[in-house]
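Data block for entry-v9.txt (compact mmCIF, C-alpha atoms):
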```txt
# COMPACT_ATOMS: atom_id res chain seq x y z
CA MET A 185 -4.95 13.89 1.31
CA GLN A 186 -1.25 14.55 1.49
CA VAL A 187 0.55 13.76 -1.74
CA VAL A 188 3.66 11.67 -1.22
CA GLY A 189 5.20 13.17 -4.38
CA GLN A 190 8.29 14.78 -2.86
CA ARG A 191 10.12 12.06 -1.06
CA LYS A 192 13.56 12.14 0.47
CA PRO A 193 16.09 9.83 -1.22
CA ILE A 194 15.76 6.17 -0.31
CA THR A 195 18.45 5.27 2.18
CA PRO A 196 19.40 2.15 4.14
CA GLU A 197 17.74 3.79 7.14
CA TYR A 198 14.47 4.25 5.21
CA PRO A 199 14.23 1.73 2.36
CA LEU A 200 11.21 1.42 0.11
CA VAL A 201 8.30 -0.43 1.74
CA SER A 202 5.59 -2.04 -0.39
CA VAL A 203 2.09 -1.93 1.07
CA ILE A 204 0.20 -4.77 -0.61
CA MET A 205 -3.57 -4.51 -0.48
CA PRO A 206 -5.72 -7.28 -1.94
CA ILE A 207 -9.09 -5.64 -2.52
CA TYR A 208 -12.53 -6.93 -3.44
CA ASN A 209 -15.52 -4.58 -3.69
CA GLU A 210 -13.74 -1.93 -1.63
CA ALA A 211 -15.04 1.17 -3.46
CA ASP A 212 -16.53 2.61 -0.26
CA SER A 213 -13.52 2.03 2.05
CA LEU A 214 -10.65 2.50 -0.41
CA PRO A 215 -10.44 6.33 -0.38
CA ALA A 216 -10.07 6.38 3.42
CA ALA A 217 -7.50 3.58 3.31
CA ILE A 218 -5.40 5.40 0.70
CA ALA A 219 -5.76 8.68 2.60
CA SER A 220 -4.43 6.97 5.72
CA LEU A 221 -1.33 5.98 3.77
CA GLY A 222 -0.83 9.64 2.87
CA ARG A 223 -0.79 10.48 6.57
CA GLN A 224 2.03 8.08 7.40
CA ASN A 225 5.33 9.48 8.60
CA TYR A 226 7.35 6.82 6.82
CA PRO A 227 8.81 8.51 3.71
CA HIS A 228 9.13 5.67 1.18
CA LEU A 229 5.98 3.72 0.35
CA GLU A 230 4.58 2.12 -2.75
CA ILE A 231 0.94 1.05 -2.66
CA ILE A 232 0.06 -2.09 -4.59
CA LEU A 233 -3.66 -2.74 -5.05
CA ILE A 234 -4.62 -6.20 -6.28
CA ASP A 235 -8.27 -6.13 -7.30
CA ASP A 236 -9.54 -9.68 -6.98
CA GLY A 237 -12.44 -9.42 -9.41
CA SER A 238 -14.47 -6.59 -7.84
CA THR A 239 -18.00 -6.20 -9.15
CA ASP A 240 -18.60 -2.71 -7.72
CA ASN A 241 -16.97 0.54 -8.91
CA THR A 242 -13.60 -0.12 -7.25
CA ARG A 243 -11.76 0.48 -10.54
CA GLN A 244 -13.37 3.90 -11.01
CA VAL A 245 -12.39 4.88 -7.45
CA VAL A 246 -8.79 3.82 -8.14
CA ASP A 247 -8.84 5.82 -11.38
CA ARG A 248 -9.79 8.94 -9.39
CA LEU A 249 -7.05 8.34 -6.79
CA THR A 250 -4.20 7.47 -9.17
CA PRO A 251 -3.49 11.04 -10.42
CA ARG A 252 -2.75 12.09 -6.82
CA LEU A 253 -0.13 9.35 -6.38
CA PRO A 254 0.94 8.45 -9.92
CA ASN A 255 4.33 6.98 -9.02
CA TYR A 256 3.27 5.27 -5.81
CA LEU A 257 -0.13 3.70 -6.45
CA HIS A 258 -0.06 0.58 -8.62
CA TYR A 259 -3.31 -1.19 -9.55
CA PHE A 260 -3.63 -4.73 -10.90
CA TYR A 261 -6.89 -6.45 -11.78
CA GLN A 262 -7.39 -10.21 -11.84
CA GLU A 263 -10.39 -12.49 -12.10
CA ASN A 264 -11.57 -13.56 -8.65
CA GLN A 265 -9.13 -16.16 -7.34
CA GLY A 266 -9.18 -15.49 -3.61
CA SER A 267 -7.13 -13.36 -1.26
CA ALA A 268 -4.15 -15.75 -1.08
CA VAL A 269 -3.62 -15.57 -4.85
CA ALA A 270 -4.09 -11.78 -4.74
CA ARG A 271 -1.49 -11.45 -1.95
CA ASN A 272 0.97 -13.59 -3.88
CA ARG A 273 0.48 -11.46 -6.97
CA GLY A 274 1.08 -8.37 -4.88
CA LEU A 275 4.27 -9.85 -3.48
CA SER A 276 5.47 -10.61 -7.00
CA GLN A 277 4.87 -6.98 -8.04
CA ALA A 278 6.48 -5.42 -4.96
CA LYS A 279 9.73 -3.53 -5.38
CA GLY A 280 10.25 -2.64 -1.73
CA GLU A 281 12.73 -4.25 0.60
CA GLY A 282 10.05 -4.30 3.27
CA ARG A 283 6.49 -5.52 2.76
CA SER A 284 3.30 -4.83 4.63
CA LEU A 285 0.15 -6.88 4.08
CA PRO A 286 -2.60 -5.19 6.11
CA ALA A 287 -5.57 -7.50 6.45
CA ASP A 288 -8.22 -4.89 7.26
CA THR A 289 -8.56 -1.74 5.13
CA GLY A 290 -10.88 -0.26 7.75
CA ARG A 291 -8.08 -0.22 10.34
CA LEU A 292 -5.29 0.51 7.88
CA HIS A 293 -4.07 3.76 9.45
CA GLN A 294 -3.66 2.18 12.88
CA ILE A 295 -2.01 -0.96 11.49
CA LEU A 296 0.46 0.95 9.35
CA ARG A 297 1.32 3.43 12.07
CA GLN A 298 2.34 0.51 14.27
CA ASN A 299 4.26 -1.28 11.50
CA LEU A 300 5.90 1.57 9.61
CA ASP A 301 6.66 4.13 12.29
CA HIS A 302 8.21 1.65 14.70
CA GLN A 303 8.85 -1.85 13.46
CA ILE A 304 10.09 -1.37 9.89
CA PRO A 305 12.92 1.14 10.59
CA SER A 306 14.15 -0.87 13.57
CA LEU A 307 14.15 -4.12 11.58
CA PHE A 308 16.29 -2.59 8.87
CA ASN A 309 18.60 -0.84 11.33
CA ASP A 310 19.36 -3.82 13.54
CA GLY A 311 20.28 -6.11 10.64
CA LYS A 312 17.35 -8.56 10.94
CA ILE A 313 16.38 -7.89 7.33
```

What would the structure in this file look like if it were written as structure tokens?
Amino acid sequence: MQVVGQRKPITPEYPLVSVIMPIYNEADSLPAAIASLGRQNYPHLEIILIDDGSTDNTRQVVDRLTPRLPNYLHYFYQENQGSAVARNRGLSQAKGEGRSLPADTGRLHQILRQNLDHQIPSLFNDGKI
């Protein structure tokens, strides 16, 4: 996995984008989802994981991934309250000017490539955001 550790400075052309991922029992799919974020061309991402009361080893998987992305991967645990509450918590923790809420971790790479490589920069550049 590519480490996003050496970013270019945040600019109006490429502001920080928060990728908010509510997760529940995602231990098996989470490494691939995080790896897909590392393959993105967009230079300024923060990854916010909201664990909605997982009962598998999701936390241990996050603990193994965090050292690779210590400044960009943020994990929050909450008792199970449903995906809407988890998304709202993620939004409240987000620092980015842009926000992405992918619904399917299995298709994360494809979803983010569409959103980040094309839509996000153009939204910021044409003044819509």

Find the residues with any atom within 6 Å of (-14.7, -5.4, -6.5); use all atoms listed in the file and the coordinates as given in the file, and write the answer as a list in words.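 It turns out the residues near that spot are Tyr208, Asn209, Gly237, Ser238, Thr239, Asp240 and Thr242 of chain A.
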
Selection file, C-alpha atoms, as an mmCIF file, keeping the file's coordinate frame:
```cif
data_model
loop_
_atom_site.group_PDB
_atom_site.id
_atom_site.type_symbol
_atom_site.label_atom_id
_atom_site.label_comp_id
_atom_site.auth_asym_id
_atom_site.auth_seq_id
_atom_site.Cartn_x
_atom_site.Cartn_y
_atom_site.Cartn_z
ATOM 1 C CA TYR A 208 -12.530 -6.930 -3.440
ATOM 2 C CA ASN A 209 -15.520 -4.580 -3.690
ATOM 3 C CA GLY A 237 -12.440 -9.420 -9.410
ATOM 4 C CA SER A 238 -14.470 -6.590 -7.840
ATOM 5 C CA THR A 239 -18.000 -6.200 -9.150
ATOM 6 C CA ASP A 240 -18.600 -2.710 -7.720
ATOM 7 C CA THR A 242 -13.600 -0.120 -7.250
#
```

Within 7 Å of (-0.1, -1.4, -9.8) (coordinates as in the file), grab all the protein and nucleic acid residues, counting all atoms listed in the file, and write them out as a count of residues only. 6

When you look at Ala278 (chain A) with a cut-off of 12 Å (counting all atoms listed in the file), what residues show up, excluding the ones that are within fewer than 4 positions of it in the same chain? I need them as a list of chain:residue names.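 Answer for this query is A:Leu200, A:Val201, A:Ser202, A:Val203, A:Ile204, A:Met205, A:Leu229, A:Glu230, A:Ile231, A:Ile232, A:Leu233, A:Ile234, A:Tyr256, A:Leu257, A:His258, A:Tyr259, A:Phe260, A:Arg271, A:Asn272, A:Arg273, A:Gly274, A:Gly282, A:Arg283, A:Ser284, A:Leu285.
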
Give me, as a PDB file with C-alpha atoms, keeping the file's coordinate frame, all polymer residues having an atom no more than 9 Å from Pro199 (chain A), counting all atoms listed in the file and skipping those fewer than 3 positions away in the same chain.
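The resulting file, result-v3.pdb, is reproduced below:
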```pdb
ATOM      1  CA  ILE A 194      15.760   6.170  -0.310  1.00  0.00           C
ATOM      2  CA  THR A 195      18.450   5.270   2.180  1.00  0.00           C
ATOM      3  CA  PRO A 196      19.400   2.150   4.140  1.00  0.00           C
ATOM      4  CA  PRO A 227       8.810   8.510   3.710  1.00  0.00           C
ATOM      5  CA  HIS A 228       9.130   5.670   1.180  1.00  0.00           C
ATOM      6  CA  LEU A 229       5.980   3.720   0.350  1.00  0.00           C
ATOM      7  CA  GLY A 280      10.250  -2.640  -1.730  1.00  0.00           C
ATOM      8  CA  GLU A 281      12.730  -4.250   0.600  1.00  0.00           C
ATOM      9  CA  GLY A 282      10.050  -4.300   3.270  1.00  0.00           C
ATOM     10  CA  PRO A 305      12.920   1.140  10.590  1.00  0.00           C
ATOM     11  CA  PHE A 308      16.290  -2.590   8.870  1.00  0.00           C
TER      12      PHE A 308
END
```

Please report the interatomic distance between CA of Tyr261 (chain A) and CA of Ile207 (chain A) in Å with one decimal.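 Computed distance, CA of Tyr261 (chain A) to CA of Ile207 (chain A), equals 9.6 Å.
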
To one decimal in Å, tell me the separation between CA of Gln262 (chain A) and CA of Asp236 (chain A). 5.3 Å
